[in-house]
Every structure is written in C-alpha cells, then in structure tokens.
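Participant: Right, I'll just put the structure down here and ask away after.
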Amino acid sequence: MDIFTKMNEYEQIMFCNDSASGLKAIIVIHNTTLGPALGGCRMRPYASVDEALEDALRLAKGMTYKCAAADVDFGGGKSVIIGDPQKDKSPELFRAFGQFIDSLNGRYYTGTDMGTELSDFVHAAKETNCIAGLPEEYGGGGDTSVPTAMGVIYGLKATSKMLWGSEDLADRTFSIQGLGKVGFKVAEQLIELGANLYVTDVNDNTLAKFIEKNNKYRNAIKFVHGNDIYSSAADIFVPCALGGIINDDTIEQLQVKAVVGSANNQLLEDRHADVLRQKNILYAPDYIVNAGGLIQVADELYGPNKARVLQKTSAIYHSLEEIYQEAEKLNISTAQAANNYCERKIAARKNRNSFFSRHKRPKWQIRN
C-alpha cells in the first residue's frame, strides 16, 4: 500500500537511520489533539521494515485512545527500533535515538516498552528532554509495570462484578499468557487473593522463577504448554504478552467468560470484538485495562508522585464499568463502546490547551 494512503489518519511518520550506531527506527505520531504525542519505544528483530511500520502504526493509534481513556493531556505516538535487544543495544544507539526524538521539538515523548529498559533511556535523555519513564534515581517514576499490573487487577475486579455481581477474585481461575514484568506481578497478586492459575511463558526459566518465588501457592498453579493456554478451563483469560492473539483460531478454543489483560492490540482485527460478543465472552478493551503504566509516565512529566499515580489508576475500574454498561445498553461490542468513550473525550477537549502544549519542556534535565 502507498505509504501516504497508509498514513491517512496519522500526522507524521519519521524513519530514523544512524549508520555509526546501527540505529534503524520508526517514530509514528498519530494524533496530538489532546497534547503532544506520548508512547513507548519497542525494540524487536522485526522480519522487515513493513512489519515494523505496521506495528508502530497500530500501537500509535492505540495510544491516542489510551491517553484519552486515562484522562492525560497527551496524544498518541509510538516508536520502534529494529534490532535484537539482547545483542544490538549500545549507549550510542540510544543517544542517536534521543537526537531524533529531540528534532521533533516536543511533539513526541517516549520511554520503555517491550525490549527496552529504563536504563536505555538514561542515555537517550542525554540528548533530549522528551523522555519519560526514567529510573527514580534520575528523577523518574520508576518501574511502570507496577501500576500497569494494578490496572489489570482493577479491570479483573470490574469484570468479575459485571459477570457475577461481586468483585471478589478468590476461588476464580485465570489463564495467564506471559509472565513478563506485568504478567508476573498480576499472577502473584491473583494467587495472594486466593485465585487459581493456569500460566504459560515462552521462557522456561521465567516459569521456574515464578514457581520458586511462589512455592507456597504451588497447588494453585498449573503450567500449560504454549497455545494450550487458549483452551484452559479458566473463568477469565489474561493475555500479558504479544498482541493479535484474539483471532479466528484462538476464539474457537476459548472456554472462558471474559478476556482481561495487559497485552497491547489483543484483537487481530476489529471484528473479533463482535465475534467474542457473539460467543458471550466479555472483552475488556486492552487500552483501558493496561493504562496504569501510561498514567505513571504522563504523571512523571509533572513531577513524580506515586500516590497520585495509584489514585488515577484506580479509575480504570470505573471507566470499565461505564464501558460495559454502554455496550450492554446499546447492544454493541465493548471495543466499540470504548472507542465511543474515548472519542467523546477527544471531541470535548479539542479546543483546550494542555500544559505540555504551552510548556514543551519539563523542568528537569539530564545532560552531560
């Protein structure tokens, strides 16, 4: 598809190349109606530039809706670095990336995502002030997986209340796909609340670490192999890994009453929200549920405040309740109800000026 046709609803795409450091990256700005674009940077060994671009486009659009839903004064953007995060990282690569970010003059703020870490952006922040999600010792808010995991728990409670009239998660069974930074924390909180788990992860060492750390709950945990997680006899499926996992093949395997997780872009296609609805599987739109990390990153730009982050993260429960009620009332999918919810917010605020639209640079700086 012609690149300009592909980006019709996007504001800007920047291709970044720095041969000295080996940097090959793509920055996508989807919409800045609510304020400068905000979205993390993902690093993966993409098979092609087209695959990397498609990932960045999908993620950037999702960030616009996520920012609206989370009630932060930022728009949607995303960046991807093409490379193996285990082999291709270097301070020079992230400093080069920081220079490209800085050239956008405050239109885009970024931080960690899959394949990148807080420490990577300490280097990028030497070249630009438009970095969020830094380590606490560098003036940042720290690990974003903490509020993200909390948001998933709030989403699970709101979903439980919608399905069974109670937010109590004890004695319920959850199938968790992915025990990364967020999935690991969600799983731990669930078993501490008295839940039973089916868990899977591509890394056997991660599974071993999880059972070692939570050995006293061993009887509440069952490990399953790869794709067997879809057919596990659980109450709620909790995807916390890659996107696109709700598709024609997997939906046929699901035995759950709901899908609630932190993975981005869980639906392979928008129509899969309707397919879930037809199967009476309640879907919690991912960009509503996983907004805790975004809330912390956005909050950090005003000065880190953990109490404020936790308070705002708790609003995920009420946002999801409102979306469920609208979907039921209008007889539409929860994905459509969530989009309507966010589009109303964007339309209502399009004539407002956010703090970062007027003051593009945070007060703190990290420079050599």
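Just remember, in the structure tokens the first chain shown is A, the second B, etc., residues are 1-based per chain, and ligands are 1-based in the order shown.
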Report as a ChimeraX atom specification all protein, DNA and RNA residues lying within 10 Å of A:Lys209, evaluated on only C-alpha atoms, omitting residues in the same chain fewer than 6 positions from it.
Facilitator: /A:179,184,215
Participant: Listing only residues of stretch 117-186 of chain A within 8 Å of stretch 239-255 of chain A, what is the closest atom pair and its distance in Å (to one decimal) for each, using only C-alpha atoms, sorted by chain and residue number ascending, as a Markdown table?
Facilitator:
| residue | atom | partner | partner_atom | distance |
| --- | --- | --- | --- | --- |
| A:Ile176 | CA | A:Pro239 | CA | 5.9 |
| A:Gln177 | CA | A:Pro239 | CA | 4.8 |
| A:Gly178 | CA | A:Ala241 | CA | 4.9 |
| A:Leu179 | CA | A:Cys240 | CA | 7.2 |
| A:Gly180 | CA | A:Ala241 | CA | 7.4 |
| A:Val182 | CA | A:Cys240 | CA | 6.9 |
| A:Gly183 | CA | A:Cys240 | CA | 5.3 |
Participant: Can you write just those residues out, N, CA and C atoms, as a PDB file, in the first residue's frame?
Facilitator:
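What landed in again_28.pdb:
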ATOM      1  N   ILE A 176      -3.203 -17.185  32.422  1.00  0.00           N
ATOM      2  CA  ILE A 176      -2.321 -16.040  32.181  1.00  0.00           C
ATOM      3  C   ILE A 176      -1.289 -16.394  31.120  1.00  0.00           C
ATOM      4  N   GLN A 177      -1.300 -15.631  30.041  1.00  0.00           N
ATOM      5  CA  GLN A 177      -0.348 -15.826  28.950  1.00  0.00           C
ATOM      6  C   GLN A 177       0.765 -14.796  29.069  1.00  0.00           C
ATOM      7  N   GLY A 178       1.935 -15.232  29.486  1.00  0.00           N
ATOM      8  CA  GLY A 178       3.076 -14.328  29.609  1.00  0.00           C
ATOM      9  C   GLY A 178       3.353 -13.917  31.039  1.00  0.00           C
ATOM     10  N   LEU A 179       4.538 -14.254  31.525  1.00  0.00           N
ATOM     11  CA  LEU A 179       4.947 -13.861  32.876  1.00  0.00           C
ATOM     12  C   LEU A 179       6.116 -12.880  32.798  1.00  0.00           C
ATOM     13  N   GLY A 180       5.930 -11.859  31.983  1.00  0.00           N
ATOM     14  CA  GLY A 180       6.921 -10.789  31.902  1.00  0.00           C
ATOM     15  C   GLY A 180       6.773  -9.860  33.095  1.00  0.00           C
ATOM     16  N   VAL A 182       4.807  -7.390  33.722  1.00  0.00           N
ATOM     17  CA  VAL A 182       3.423  -7.162  34.174  1.00  0.00           C
ATOM     18  C   VAL A 182       2.746  -8.470  34.544  1.00  0.00           C
ATOM     19  N   GLY A 183       2.801  -9.464  33.665  1.00  0.00           N
ATOM     20  CA  GLY A 183       2.127 -10.731  33.919  1.00  0.00           C
ATOM     21  C   GLY A 183       2.583 -11.392  35.208  1.00  0.00           C
TER      22      GLY A 183
END
Participant: Leaving out stretch 59-67 of chain A and any residue of its chain fewer than 3 positions from it, which residues lie within 7 Å of it when counting only C-alpha atoms, given as a list of chain:residue names?
Facilitator: A:Val28, A:Ile29, A:His30, A:Asn31, A:Gly39, A:Asp55, A:Ala56, A:Ala70, A:Asp71, A:Val72, A:Phe74, A:Gly75, A:Gly76, A:Gly77, A:Lys78, A:Tyr287, A:Ile288, A:Ala291, A:Cys342
Participant: So what do you get for atom CA of A:Ser319 versus atom CA of A:Val238, distance-wise?
Facilitator: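 Going from atom CA of A:Ser319 over to atom CA of A:Val238 covers 18.6 Å.
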Participant: Would you please give, as a list of chain:residue names, all residues of stretch 47-238 of chain A that DSSP assigns to strand (DSSP E) based on the backbone?
Facilitator: A:Gly75, A:Gly76, A:Gly77, A:Lys78, A:Ser79, A:Val80, A:Ile81, A:Ile82, A:Tyr108, A:Tyr109, A:Thr173, A:Phe174, A:Ser175, A:Ile176, A:Gln177, A:Asn196, A:Leu197, A:Tyr198, A:Val199, A:Thr200, A:Ile221, A:Lys222, A:Phe223, A:Ile236, A:Phe237, A:Val238
Participant: Could you take the residues named above and write them with N, CA and C atoms, as an mmCIF file, in the first residue's frame?
Facilitator:
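That gives us part12.cif:
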data_model
loop_
_atom_site.group_PDB
_atom_site.id
_atom_site.type_symbol
_atom_site.label_atom_id
_atom_site.label_comp_id
_atom_site.auth_asym_id
_atom_site.auth_seq_id
_atom_site.Cartn_x
_atom_site.Cartn_y
_atom_site.Cartn_z
ATOM 1 N N GLY A 75 -1.422 13.138 23.377
ATOM 2 C CA GLY A 75 -1.949 12.398 22.244
ATOM 3 C C GLY A 75 -1.212 11.088 22.081
ATOM 4 N N GLY A 76 -1.410 10.443 20.921
ATOM 5 C CA GLY A 76 -0.866 9.120 20.719
ATOM 6 C C GLY A 76 0.309 9.065 19.764
ATOM 7 N N GLY A 77 1.353 8.348 20.165
ATOM 8 C CA GLY A 77 2.505 8.106 19.316
ATOM 9 C C GLY A 77 3.191 6.818 19.727
ATOM 10 N N LYS A 78 4.114 6.365 18.946
ATOM 11 C CA LYS A 78 4.862 5.149 19.266
ATOM 12 C C LYS A 78 6.131 5.128 18.437
ATOM 13 N N SER A 79 7.139 4.437 18.938
ATOM 14 C CA SER A 79 8.367 4.259 18.169
ATOM 15 C C SER A 79 8.836 2.821 18.285
ATOM 16 N N VAL A 80 9.503 2.351 17.250
ATOM 17 C CA VAL A 80 10.076 1.007 17.258
ATOM 18 C C VAL A 80 11.516 1.086 16.759
ATOM 19 N N ILE A 81 12.375 0.301 17.392
ATOM 20 C CA ILE A 81 13.765 0.165 16.948
ATOM 21 C C ILE A 81 13.907 -1.244 16.394
ATOM 22 N N ILE A 82 14.428 -1.346 15.186
ATOM 23 C CA ILE A 82 14.608 -2.646 14.548
ATOM 24 C C ILE A 82 15.955 -3.216 14.994
ATOM 25 N N TYR A 108 6.723 14.743 20.612
ATOM 26 C CA TYR A 108 6.640 13.328 20.980
ATOM 27 C C TYR A 108 7.531 13.036 22.185
ATOM 28 N N TYR A 109 6.940 12.388 23.196
ATOM 29 C CA TYR A 109 7.652 11.933 24.390
ATOM 30 C C TYR A 109 7.636 10.409 24.397
ATOM 31 N N THR A 173 -10.643 -18.888 38.537
ATOM 32 C CA THR A 173 -9.487 -19.444 37.825
ATOM 33 C C THR A 173 -9.131 -18.551 36.643
ATOM 34 N N PHE A 174 -7.840 -18.232 36.524
ATOM 35 C CA PHE A 174 -7.363 -17.317 35.491
ATOM 36 C C PHE A 174 -6.268 -18.000 34.667
ATOM 37 N N SER A 175 -6.351 -17.859 33.357
ATOM 38 C CA SER A 175 -5.302 -18.380 32.474
ATOM 39 C C SER A 175 -4.458 -17.201 32.009
ATOM 40 N N ILE A 176 -3.203 -17.185 32.422
ATOM 41 C CA ILE A 176 -2.321 -16.040 32.181
ATOM 42 C C ILE A 176 -1.289 -16.394 31.120
ATOM 43 N N GLN A 177 -1.300 -15.631 30.041
ATOM 44 C CA GLN A 177 -0.348 -15.826 28.950
ATOM 45 C C GLN A 177 0.765 -14.796 29.069
ATOM 46 N N ASN A 196 -6.912 -19.322 41.460
ATOM 47 C CA ASN A 196 -6.189 -20.439 40.860
ATOM 48 C C ASN A 196 -5.710 -20.015 39.478
ATOM 49 N N LEU A 197 -4.555 -20.533 39.060
ATOM 50 C CA LEU A 197 -3.948 -20.064 37.824
ATOM 51 C C LEU A 197 -3.545 -21.188 36.878
ATOM 52 N N TYR A 198 -3.736 -20.925 35.584
ATOM 53 C CA TYR A 198 -3.027 -21.615 34.514
ATOM 54 C C TYR A 198 -2.045 -20.581 33.976
ATOM 55 N N VAL A 199 -0.776 -20.932 33.836
ATOM 56 C CA VAL A 199 0.200 -19.964 33.358
ATOM 57 C C VAL A 199 1.072 -20.569 32.266
ATOM 58 N N THR A 200 1.520 -19.718 31.362
ATOM 59 C CA THR A 200 2.462 -20.129 30.332
ATOM 60 C C THR A 200 3.383 -18.963 30.002
ATOM 61 N N ILE A 221 -1.328 -23.400 41.175
ATOM 62 C CA ILE A 221 -0.711 -23.044 39.895
ATOM 63 C C ILE A 221 -0.552 -24.275 39.010
ATOM 64 N N LYS A 222 -0.993 -24.153 37.768
ATOM 65 C CA LYS A 222 -0.787 -25.207 36.779
ATOM 66 C C LYS A 222 -0.094 -24.611 35.561
ATOM 67 N N PHE A 223 0.973 -25.253 35.128
ATOM 68 C CA PHE A 223 1.685 -24.795 33.943
ATOM 69 C C PHE A 223 1.134 -25.492 32.713
ATOM 70 N N ILE A 236 -11.421 -16.560 33.358
ATOM 71 C CA ILE A 236 -11.005 -15.367 32.609
ATOM 72 C C ILE A 236 -9.625 -15.606 32.012
ATOM 73 N N PHE A 237 -9.478 -15.274 30.735
ATOM 74 C CA PHE A 237 -8.191 -15.327 30.043
ATOM 75 C C PHE A 237 -7.492 -13.990 30.227
ATOM 76 N N VAL A 238 -6.213 -14.029 30.640
ATOM 77 C CA VAL A 238 -5.444 -12.813 30.946
ATOM 78 C C VAL A 238 -4.212 -12.761 30.040
#
Participant: Would you list the contacts of A:Glu127 as a ChimeraX atom specification, taking every protein, DNA or RNA residue within 8 Å and counting only C-alpha atoms, but skipping same-chain residues closer than 4 positions in sequence?
Facilitator: /A:95-96,98-99,102,123,367
Participant: What does the file look like for those residues with C-alpha atoms, as a PDB file, in the first residue's frame?
Facilitator:
ATOM      1  CA  ARG A  95      21.859   8.613  22.200  1.00  0.00           C
ATOM      2  CA  ALA A  96      21.313   8.677  18.438  1.00  0.00           C
ATOM      3  CA  GLY A  98      17.443  10.637  21.539  1.00  0.00           C
ATOM      4  CA  GLN A  99      18.684  13.091  18.902  1.00  0.00           C
ATOM      5  CA  ASP A 102      14.736  15.928  20.112  1.00  0.00           C
ATOM      6  CA  HIS A 123      21.425   7.514  27.504  1.00  0.00           C
ATOM      7  CA  ARG A 367      22.748  16.447  30.223  1.00  0.00           C
TER       8      ARG A 367
END
Participant: For A:His318, which of A:Leu156, A:Ala125, A:Cys130, A:Ile281 is the closest residue, counting only C-alpha atoms?
Facilitator: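 When distances to A:His318 are compared using only C-alpha atoms, the smallest one comes from A:Leu156.
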Participant: Which of these, A:Arg58, A:Lys312, A:Arg277, A:Lys181, has the shortest distance to A:Met7 once you count only C-alpha atoms?
Facilitator: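 Distance minimum relative to A:Met7 lands on A:Arg58.
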